[in-house]
$ cat entry_37.csv   # CSV, C-alpha atoms
chain,number,residue,atom,x,y,z
K,1,MET,CA,-3.7,-2.4,29.2
K,2,LEU,CA,-5.0,-1.6,25.7
K,3,VAL,CA,-2.9,-2.3,22.7
K,4,ARG,CA,-2.4,0.9,20.7
K,5,ILE,CA,-3.3,0.4,17.0
K,6,ALA,CA,-2.3,2.5,14.0
K,7,VAL,CA,-4.3,2.0,10.8
K,8,LEU,CA,-2.6,2.8,7.5
K,9,VAL,CA,-5.0,3.9,4.7
K,10,SER,CA,-5.0,5.3,1.2
K,11,GLY,CA,-8.6,5.5,0.1
K,12,GLY,CA,-12.2,5.4,1.3
K,13,GLY,CA,-11.5,3.7,4.6
K,14,THR,CA,-14.4,1.1,4.6
K,15,ASN,CA,-12.1,-1.3,6.5
K,16,LEU,CA,-11.2,1.5,8.9
K,17,GLN,CA,-14.9,2.0,9.5
K,18,ALA,CA,-15.3,-1.7,10.2
K,19,LEU,CA,-12.6,-1.4,12.9
K,20,ILE,CA,-14.3,1.8,14.3
K,21,ASP,CA,-17.6,0.0,14.5
K,22,ALA,CA,-16.0,-3.0,16.1
K,23,GLN,CA,-14.5,-0.8,18.8
K,24,LYS,CA,-17.8,0.9,19.4
K,25,SER,CA,-19.7,-2.4,19.7
K,26,GLY,CA,-17.0,-3.9,22.0
K,27,ALA,CA,-16.0,-6.6,19.5
K,28,LEU,CA,-12.6,-4.9,19.5
K,29,LYS,CA,-11.9,-4.5,23.2
K,30,SER,CA,-8.2,-5.4,23.7
K,31,GLY,CA,-7.0,-2.7,21.4
K,32,LYS,CA,-7.5,1.0,20.9
K,33,LEU,CA,-7.6,2.8,17.5
K,34,ALA,CA,-4.9,5.4,18.5
K,35,LEU,CA,-3.8,6.7,15.1
K,36,VAL,CA,-4.7,6.8,11.4
K,37,VAL,CA,-2.0,7.5,8.8
K,38,SER,CA,-2.5,8.1,5.1
K,39,ASN,CA,-0.2,8.6,2.2
K,40,ASN,CA,-3.0,10.3,0.3
K,41,PRO,CA,-4.2,13.7,1.6
K,42,GLY,CA,-7.5,13.2,-0.2
K,43,ALA,CA,-8.4,9.9,1.4
K,44,TYR,CA,-11.9,9.8,2.8
K,45,ALA,CA,-10.6,7.6,5.5
K,46,LEU,CA,-9.1,10.7,7.1
K,47,THR,CA,-12.6,12.2,7.4
K,48,ARG,CA,-13.8,8.9,9.1
K,49,ALA,CA,-10.9,9.3,11.6
K,50,LYS,CA,-11.7,12.9,12.3
K,51,GLU,CA,-15.4,12.1,12.8
K,52,ASP,CA,-14.5,9.5,15.4
K,53,GLY,CA,-11.9,11.7,17.1
K,54,ILE,CA,-8.9,9.5,16.1
K,55,PRO,CA,-5.7,11.4,15.6
K,56,ALA,CA,-4.6,11.4,11.9
K,57,GLU,CA,-1.4,12.1,10.0
K,58,ILE,CA,-0.7,12.6,6.3
K,59,ILE,CA,2.8,11.5,5.1
K,60,GLU,CA,3.9,12.2,1.6
K,61,GLY,CA,7.3,12.0,-0.1
K,62,ALA,CA,10.3,9.8,-0.5
K,63,ASP,CA,11.2,9.6,3.2
K,64,PHE,CA,7.7,8.1,4.0
K,65,GLU,CA,9.0,5.3,6.1
K,66,SER,CA,11.4,7.3,8.3
K,67,LYS,CA,8.6,9.8,9.0
K,68,LEU,CA,6.1,7.0,9.7
K,69,LEU,CA,8.5,5.3,12.1
K,70,GLU,CA,8.9,8.6,14.0
K,71,ILE,CA,5.2,9.1,14.2
K,72,LEU,CA,4.5,5.5,15.3
K,73,ARG,CA,7.1,5.7,18.1
K,74,GLY,CA,5.9,9.2,19.1
K,75,ASN,CA,2.4,7.8,19.5
K,76,GLY,CA,3.4,4.6,21.4
K,77,ILE,CA,2.0,2.4,18.7
K,78,ASP,CA,2.1,-1.4,19.4
K,79,ILE,CA,0.6,-2.8,16.2
K,80,ILE,CA,-0.1,-1.6,12.7
K,81,VAL,CA,-3.2,-2.5,10.5
K,82,LEU,CA,-3.0,-2.0,6.8
K,83,ALA,CA,-6.6,-1.3,5.6
K,84,GLY,CA,-6.6,-0.4,1.9
K,85,PHE,CA,-3.0,0.9,2.1
K,86,MET,CA,-1.7,1.1,-1.4
K,87,ARG,CA,2.0,1.1,-0.7
K,88,ILE,CA,4.4,-1.8,-0.2
K,89,LEU,CA,6.5,-1.4,3.0
K,90,SER,CA,10.2,-2.2,2.8
K,91,THR,CA,11.9,-5.2,4.3
K,92,GLU,CA,13.8,-2.8,6.7
K,93,PHE,CA,10.5,-1.4,7.9
K,94,THR,CA,8.6,-4.7,8.4
K,95,ALA,CA,11.6,-6.2,10.2
K,96,LYS,CA,11.0,-3.5,12.9
K,97,TYR,CA,7.5,-4.8,13.6
K,98,PRO,CA,7.7,-8.7,13.4
K,99,ARG,CA,4.2,-10.2,13.7
K,100,ARG,CA,2.9,-6.8,14.5
K,101,ILE,CA,1.7,-5.6,11.1
K,102,LEU,CA,-1.6,-7.0,9.8
K,103,ASN,CA,-3.0,-6.7,6.3
K,104,VAL,CA,-6.3,-7.6,4.8
K,105,HIS,CA,-6.2,-8.9,1.2
K,106,PRO,CA,-9.3,-9.5,-1.0
K,107,SER,CA,-8.7,-13.1,-1.9
K,108,LEU,CA,-8.1,-16.5,-0.3
K,109,ILE,CA,-4.3,-16.4,-0.2
K,110,PRO,CA,-2.3,-18.0,-1.9
K,111,SER,CA,-4.7,-17.3,-4.8
K,112,PHE,CA,-4.6,-14.0,-6.6
K,113,CYS,CA,-2.0,-12.3,-4.4
K,114,GLY,CA,1.5,-10.9,-4.4
K,115,ARG,CA,2.9,-7.9,-6.3
K,116,GLY,CA,0.5,-6.3,-8.7
K,117,PHE,CA,-2.6,-7.9,-7.1
K,118,TYR,CA,-4.7,-5.2,-5.4
K,119,GLY,CA,-8.2,-3.7,-5.6
K,120,LEU,CA,-10.3,-4.6,-8.6
K,121,ARG,CA,-7.4,-6.4,-10.2
K,122,VAL,CA,-7.8,-9.2,-7.7
K,123,HIS,CA,-11.5,-9.7,-8.4
K,124,ARG,CA,-11.0,-9.4,-12.1
K,125,ALA,CA,-8.4,-12.2,-12.0
K,126,ALA,CA,-10.7,-14.4,-9.9
K,127,LEU,CA,-13.5,-14.0,-12.4
K,128,GLU,CA,-11.3,-14.6,-15.4
K,129,TYR,CA,-10.0,-17.8,-13.8
K,130,GLY,CA,-13.5,-19.0,-13.1
K,131,VAL,CA,-13.2,-19.7,-9.4
K,132,LYS,CA,-16.5,-20.5,-7.6
K,133,LEU,CA,-15.2,-19.4,-4.2
K,134,THR,CA,-13.1,-16.4,-3.4
K,135,GLY,CA,-12.9,-14.4,-0.1
K,136,ALA,CA,-10.5,-12.4,2.1
K,137,THR,CA,-7.4,-13.1,4.1
K,138,VAL,CA,-5.9,-11.3,7.1
K,139,HIS,CA,-2.2,-12.1,7.4
K,140,PHE,CA,1.0,-10.8,9.0
K,141,VAL,CA,3.1,-8.6,6.8
K,142,ASN,CA,6.7,-9.6,6.1
K,143,GLU,CA,9.2,-8.9,3.4
K,144,ILE,CA,7.2,-10.8,0.8
K,145,PRO,CA,4.0,-9.0,-0.6
K,146,ASP,CA,1.1,-11.0,0.8
K,147,GLY,CA,3.5,-13.7,2.0
K,148,GLY,CA,3.2,-13.5,5.8
K,149,GLU,CA,1.6,-16.0,8.0
K,150,ILE,CA,-2.2,-16.3,7.6
K,151,ILE,CA,-4.3,-15.2,10.7
K,152,MET,CA,-7.8,-15.6,9.4
K,153,GLN,CA,-9.7,-16.3,6.2
K,154,LYS,CA,-13.3,-16.2,5.1
K,155,ALA,CA,-14.8,-17.6,1.9
K,156,VAL,CA,-17.3,-15.8,-0.3
K,157,GLU,CA,-19.3,-17.5,-3.1
K,158,VAL,CA,-18.9,-16.2,-6.7
K,159,ILE,CA,-22.3,-15.7,-8.3
K,160,ASP,CA,-23.2,-16.0,-12.0
K,161,GLY,CA,-23.2,-12.5,-13.5
K,162,ASP,CA,-20.7,-11.1,-11.0
K,163,THR,CA,-18.6,-8.2,-12.2
K,164,PRO,CA,-15.3,-7.2,-10.5
K,165,GLU,CA,-17.3,-4.4,-8.8
K,166,THR,CA,-20.1,-6.5,-7.5
K,167,LEU,CA,-17.7,-9.2,-6.3
K,168,GLN,CA,-15.5,-6.6,-4.6
K,169,ARG,CA,-18.4,-5.2,-2.7
K,170,ARG,CA,-19.6,-8.6,-1.5
K,171,VAL,CA,-16.1,-9.7,-0.5
K,172,MET,CA,-15.8,-6.5,1.6
K,173,GLU,CA,-19.3,-6.8,3.2
K,174,GLU,CA,-19.2,-10.6,3.9
K,175,ALA,CA,-15.5,-11.2,4.6
K,176,GLU,CA,-13.2,-8.2,5.0
K,177,TRP,CA,-15.4,-6.2,7.4
K,178,ALA,CA,-15.9,-9.3,9.5
K,179,ILE,CA,-12.4,-10.8,9.7
K,180,LEU,CA,-10.2,-7.7,9.9
K,181,PRO,CA,-11.7,-6.5,13.3
K,182,ALA,CA,-11.8,-10.2,14.6
K,183,ALA,CA,-8.1,-10.7,13.6
K,184,ALA,CA,-7.1,-7.4,15.2
K,185,GLU,CA,-8.9,-8.4,18.4
K,186,ARG,CA,-7.2,-11.8,18.4
K,187,ILE,CA,-3.7,-10.4,18.1
K,188,CYS,CA,-4.3,-7.6,20.6
K,189,ALA,CA,-5.7,-10.1,23.1
K,190,GLU,CA,-2.7,-12.3,22.7
K,191,MET,CA,-0.4,-9.3,23.3
K,192,VAL,CA,-2.3,-8.3,26.4
K,193,LYS,CA,-2.1,-11.9,27.7
K,194,ASN,CA,1.6,-12.0,27.1
K,195,GLN,CA,2.2,-8.7,28.9
K,196,VAL,CA,0.2,-9.9,31.9
K,197,GLN,CA,2.2,-13.2,32.0
K,198,LYS,CA,5.4,-11.3,31.6
K,199,GLY,CA,4.4,-9.0,34.5
K,200,MET,CA,3.6,-12.0,36.7
K,201,SER,CA,6.9,-13.6,36.1
K,202,ASN,CA,9.0,-10.5,36.9
$ encode --input "entry_37.csv" --output "structure tokens"
Amino acid sequence: MLVRIAVLVSGGGTNLQALIDAQKSGALKSGKLALVVSNNPGAYALTRAKEDGIPAEIIEGADFESKLLEILRGNGIDIIVLAGFMRILSTEFTAKYPRRILNVHPSLIPSFCGRGFYGLRVHRAALEYGVKLTGATVHFVNEIPDGGEIIMQKAVEVIDGDTPETLQRRVMEEAEWAILPAAAERICAEMVKNQVQKGMSN
């Protein structure tokens, strides 16, 4: 059994690429990248999905979540990974996938997180505050933006002369691209183990 993963994206898809690379290397072995969904038709992440043969969907408009739910169910999706997805999912939606939606955030939660903290804003805030360590966090998604249980974190040193752009790049390379696939594998492996145990007890 492989856990079927949907990745939600809005932009370039570097974290999607990290997941694709992990699947190819065997680091992500308990799950399968089965679907990519974007709310932005111009997202380069869609090209990455196409190049790797992963089915992709574009959803726009006010009824985004109802369409998303239909597509996820139609594709037999077990877990959702938010990888640079620039939209906050509603409480009603997240309640349908408890402990089955993962997000990567570019700071060490609880620092520089919550509503309004995304992209370069996070790194700008970290530099303005003068922290010496920042990093990335993978967490479960619930009704509170960046408020779900932490799965994995990795610290990254802030270097003198860093700009929001240089810090963003280093956090991606040293933290996000490492812990997002690792966290996805951990959760997928747990789901496989639970399914096996459930099957044995029936």
$ closest_atom_pairs --input "entry_37.csv" --of "segment 32-115 of chain K" --to "segment 140-164 of chain K" --cutoff "6 Å" --atoms "all atoms listed in the file" --output "tab-separated table"
residue	atom	partner	partner_atom	distance
K:Thr91	CA	K:Glu143	CA	4.7
K:Thr94	CA	K:Asn142	CA	5.7
K:Arg99	CA	K:Phe140	CA	5.7
K:Ile101	CA	K:Val141	CA	5.4
K:Leu102	CA	K:Phe140	CA	4.7
K:Gly114	CA	K:Pro145	CA	4.9
K:Arg115	CA	K:Pro145	CA	5.9
$ closest_residue --input "entry_37.csv" --among "K:Val3, K:Leu19, K:Val104, K:Ala125" --to "Gln195 of chain K" --atoms "only C-alpha atoms"
K:Val3
$ closest_residue --input "entry_37.csv" --among "K:Arg100, K:Arg48, K:His123, K:Lys67" --to "Val171 of chain K" --atoms "only C-alpha atoms"
K:His123
$ closest_residue --input "entry_37.csv" --among "K:Asp78, K:Glu174, K:Glu190, K:Glu70" --to "Glu57 of chain K" --atoms "all atoms listed in the file"
K:Glu70
$ residues_near_point --input "entry_37.csv" --point "(-9.0, 8.7, 6.8)" --cutoff "8 Å" --atoms "only C-alpha atoms" --output "list of chain:residue names"
K:Val9, K:Ser10, K:Gly11, K:Gly12, K:Gly13, K:Leu16, K:Val36, K:Val37, K:Ser38, K:Ala43, K:Tyr44, K:Ala45, K:Leu46, K:Thr47, K:Arg48, K:Ala49, K:Lys50, K:Ala56
$ residues_around --input "entry_37.csv" --residues "Arg124 of chain K" --least-positions-apart "4" --cutoff "10 Å" --atoms "all atoms listed in the file" --output "list in words"
Phe112, Phe117, Gly119, Leu120, Glu128, Tyr129, Gly130, Asp162, Thr163, Pro164, Glu165, Leu167 and Gln168 of chain K
$ atom_distance --input "entry_37.csv" --atom1 "atom CA of Glu185 of chain K" --atom2 "atom CA of Leu72 of chain K"
19.6 Å
$ atom_distance --input "entry_37.csv" --atom1 "atom CA of Glu173 of chain K" --atom2 "atom CA of Pro55 of chain K"
25.9 Å
$ closest_residue --input "entry_37.csv" --among "K:Glu92, K:Ile109, K:Leu8, K:Ala18" --to "Ile58 of chain K" --atoms "all atoms listed in the file"
K:Leu8
$ atom_distance --input "entry_37.csv" --atom1 "atom CA of Ile79 of chain K" --atom2 "atom CA of Leu33 of chain K"
10.0 Å
$ closest_residue --input "entry_37.csv" --among "K:Ala136, K:Ala22, K:Ile88, K:Leu35" --to "Ala184 of chain K" --atoms "all atoms listed in the file"
K:Ala22
$ closest_residue --input "entry_37.csv" --among "K:His139, K:Val122, K:Leu69, K:Cys113" --to "Phe93 of chain K" --atoms "all atoms listed in the file"
K:Leu69
$ residues_around --input "entry_37.csv" --residues "Met1 of chain K" --least-positions-apart "5" --cutoff "10 Å" --atoms "all atoms listed in the file" --output "short mmCIF file (atom, residue, chain, number, x, y, z; two decimals) with C-alpha atoms, keeping the file's coordinate frame"
data_model
loop_
_atom_site.label_atom_id
_atom_site.label_comp_id
_atom_site.auth_asym_id
_atom_site.auth_seq_id
_atom_site.Cartn_x
_atom_site.Cartn_y
_atom_site.Cartn_z
CA SER K 30 -8.20 -5.40 23.70
CA GLY K 31 -7.00 -2.70 21.40
CA LYS K 32 -7.50 1.00 20.90
CA MET K 191 -0.40 -9.30 23.30
CA VAL K 192 -2.30 -8.30 26.40
CA LYS K 193 -2.10 -11.90 27.70
CA GLN K 195 2.20 -8.70 28.90
CA VAL K 196 0.20 -9.90 31.90
#
$ residues_around --input "entry_37.csv" --residues "Ala27 of chain K" --least-positions-apart "2" --cutoff "8 Å" --atoms "all atoms listed in the file" --output "VMD selection string"
chain K and resid 22 to 25 29 181 to 182 185
$ decode --input "entry_37.csv" --residues "segment 135-162 of chain K" --atoms "N, CA and C atoms" --output "PDB file, in the first residue's frame"
ATOM      1  N   GLY K 135      14.792  29.198  10.518  1.00  0.00           N
ATOM      2  CA  GLY K 135      14.702  27.839  10.006  1.00  0.00           C
ATOM      3  C   GLY K 135      13.362  27.574   9.361  1.00  0.00           C
ATOM      4  N   ALA K 136      12.925  26.333   9.429  1.00  0.00           N
ATOM      5  CA  ALA K 136      11.643  25.947   8.833  1.00  0.00           C
ATOM      6  C   ALA K 136      10.953  24.926   9.715  1.00  0.00           C
ATOM      7  N   THR K 137       9.644  24.864   9.572  1.00  0.00           N
ATOM      8  CA  THR K 137       8.802  23.960  10.363  1.00  0.00           C
ATOM      9  C   THR K 137       7.807  23.263   9.449  1.00  0.00           C
ATOM     10  N   VAL K 138       7.658  21.964   9.623  1.00  0.00           N
ATOM     11  CA  VAL K 138       6.548  21.241   8.994  1.00  0.00           C
ATOM     12  C   VAL K 138       5.562  20.932  10.115  1.00  0.00           C
ATOM     13  N   HIS K 139       4.299  21.266   9.875  1.00  0.00           N
ATOM     14  CA  HIS K 139       3.285  21.068  10.918  1.00  0.00           C
ATOM     15  C   HIS K 139       1.978  20.592  10.293  1.00  0.00           C
ATOM     16  N   PHE K 140       1.131  20.016  11.127  1.00  0.00           N
ATOM     17  CA  PHE K 140      -0.219  19.690  10.680  1.00  0.00           C
ATOM     18  C   PHE K 140      -1.020  20.981  10.565  1.00  0.00           C
ATOM     19  N   VAL K 141      -1.959  20.999   9.636  1.00  0.00           N
ATOM     20  CA  VAL K 141      -2.804  22.171   9.429  1.00  0.00           C
ATOM     21  C   VAL K 141      -4.130  21.963  10.155  1.00  0.00           C
ATOM     22  N   ASN K 142      -4.503  22.970  10.946  1.00  0.00           N
ATOM     23  CA  ASN K 142      -5.822  22.956  11.567  1.00  0.00           C
ATOM     24  C   ASN K 142      -6.495  24.301  11.311  1.00  0.00           C
ATOM     25  N   GLU K 143      -7.462  24.660  12.154  1.00  0.00           N
ATOM     26  CA  GLU K 143      -8.238  25.877  11.906  1.00  0.00           C
ATOM     27  C   GLU K 143      -7.466  27.160  12.197  1.00  0.00           C
ATOM     28  N   ILE K 144      -6.306  27.047  12.866  1.00  0.00           N
ATOM     29  CA  ILE K 144      -5.504  28.225  13.202  1.00  0.00           C
ATOM     30  C   ILE K 144      -4.315  28.312  12.238  1.00  0.00           C
ATOM     31  N   PRO K 145      -4.141  29.424  11.506  1.00  0.00           N
ATOM     32  CA  PRO K 145      -2.997  29.527  10.590  1.00  0.00           C
ATOM     33  C   PRO K 145      -1.674  29.274  11.321  1.00  0.00           C
ATOM     34  N   ASP K 146      -0.927  28.289  10.844  1.00  0.00           N
ATOM     35  CA  ASP K 146       0.361  27.874  11.424  1.00  0.00           C
ATOM     36  C   ASP K 146       0.227  27.401  12.873  1.00  0.00           C
ATOM     37  N   GLY K 147      -0.985  26.966  13.251  1.00  0.00           N
ATOM     38  CA  GLY K 147      -1.219  26.615  14.659  1.00  0.00           C
ATOM     39  C   GLY K 147      -1.277  25.137  14.954  1.00  0.00           C
ATOM     40  N   GLY K 148      -1.130  24.289  13.944  1.00  0.00           N
ATOM     41  CA  GLY K 148      -1.238  22.846  14.152  1.00  0.00           C
ATOM     42  C   GLY K 148       0.012  22.249  14.774  1.00  0.00           C
ATOM     43  N   GLU K 149      -0.109  21.011  15.208  1.00  0.00           N
ATOM     44  CA  GLU K 149       0.986  20.291  15.864  1.00  0.00           C
ATOM     45  C   GLU K 149       2.234  20.231  14.974  1.00  0.00           C
ATOM     46  N   ILE K 150       3.392  20.506  15.586  1.00  0.00           N
ATOM     47  CA  ILE K 150       4.662  20.482  14.858  1.00  0.00           C
ATOM     48  C   ILE K 150       5.106  19.039  14.618  1.00  0.00           C
ATOM     49  N   ILE K 151       5.510  18.747  13.384  1.00  0.00           N
ATOM     50  CA  ILE K 151       6.005  17.416  13.020  1.00  0.00           C
ATOM     51  C   ILE K 151       7.533  17.404  13.015  1.00  0.00           C
ATOM     52  N   MET K 152       8.133  18.446  12.445  1.00  0.00           N
ATOM     53  CA  MET K 152       9.583  18.483  12.276  1.00  0.00           C
ATOM     54  C   MET K 152      10.052  19.932  12.124  1.00  0.00           C
ATOM     55  N   GLN K 153      11.237  20.217  12.667  1.00  0.00           N
ATOM     56  CA  GLN K 153      11.839  21.542  12.503  1.00  0.00           C
ATOM     57  C   GLN K 153      13.324  21.405  12.195  1.00  0.00           C
ATOM     58  N   LYS K 154      13.864  22.429  11.538  1.00  0.00           N
ATOM     59  CA  LYS K 154      15.306  22.468  11.309  1.00  0.00           C
ATOM     60  C   LYS K 154      15.762  23.918  11.375  1.00  0.00           C
ATOM     61  N   ALA K 155      16.833  24.149  12.143  1.00  0.00           N
ATOM     62  CA  ALA K 155      17.343  25.510  12.322  1.00  0.00           C
ATOM     63  C   ALA K 155      18.350  25.874  11.238  1.00  0.00           C
ATOM     64  N   VAL K 156      18.388  27.164  10.923  1.00  0.00           N
ATOM     65  CA  VAL K 156      19.331  27.719   9.951  1.00  0.00           C
ATOM     66  C   VAL K 156      19.926  28.988  10.554  1.00  0.00           C
ATOM     67  N   GLU K 157      21.230  29.126  10.457  1.00  0.00           N
ATOM     68  CA  GLU K 157      21.906  30.289  11.031  1.00  0.00           C
ATOM     69  C   GLU K 157      21.681  31.530  10.168  1.00  0.00           C
ATOM     70  N   VAL K 158      21.453  32.658  10.852  1.00  0.00           N
ATOM     71  CA  VAL K 158      21.369  33.942  10.160  1.00  0.00           C
ATOM     72  C   VAL K 158      22.793  34.507  10.070  1.00  0.00           C
ATOM     73  N   ILE K 159      23.183  34.931   8.878  1.00  0.00           N
ATOM     74  CA  ILE K 159      24.550  35.406   8.634  1.00  0.00           C
ATOM     75  C   ILE K 159      24.550  36.930   8.495  1.00  0.00           C
ATOM     76  N   ASP K 160      25.587  37.570   9.025  1.00  0.00           N
ATOM     77  CA  ASP K 160      25.723  39.026   8.876  1.00  0.00           C
ATOM     78  C   ASP K 160      25.645  39.395   7.398  1.00  0.00           C
ATOM     79  N   GLY K 161      24.846  40.413   7.109  1.00  0.00           N
ATOM     80  CA  GLY K 161      24.712  40.848   5.714  1.00  0.00           C
ATOM     81  C   GLY K 161      23.572  40.161   4.982  1.00  0.00           C
ATOM     82  N   ASP K 162      22.887  39.239   5.646  1.00  0.00           N
ATOM     83  CA  ASP K 162      21.741  38.572   5.010  1.00  0.00           C
ATOM     84  C   ASP K 162      20.681  39.582   4.603  1.00  0.00           C
TER      85      ASP K 162
END
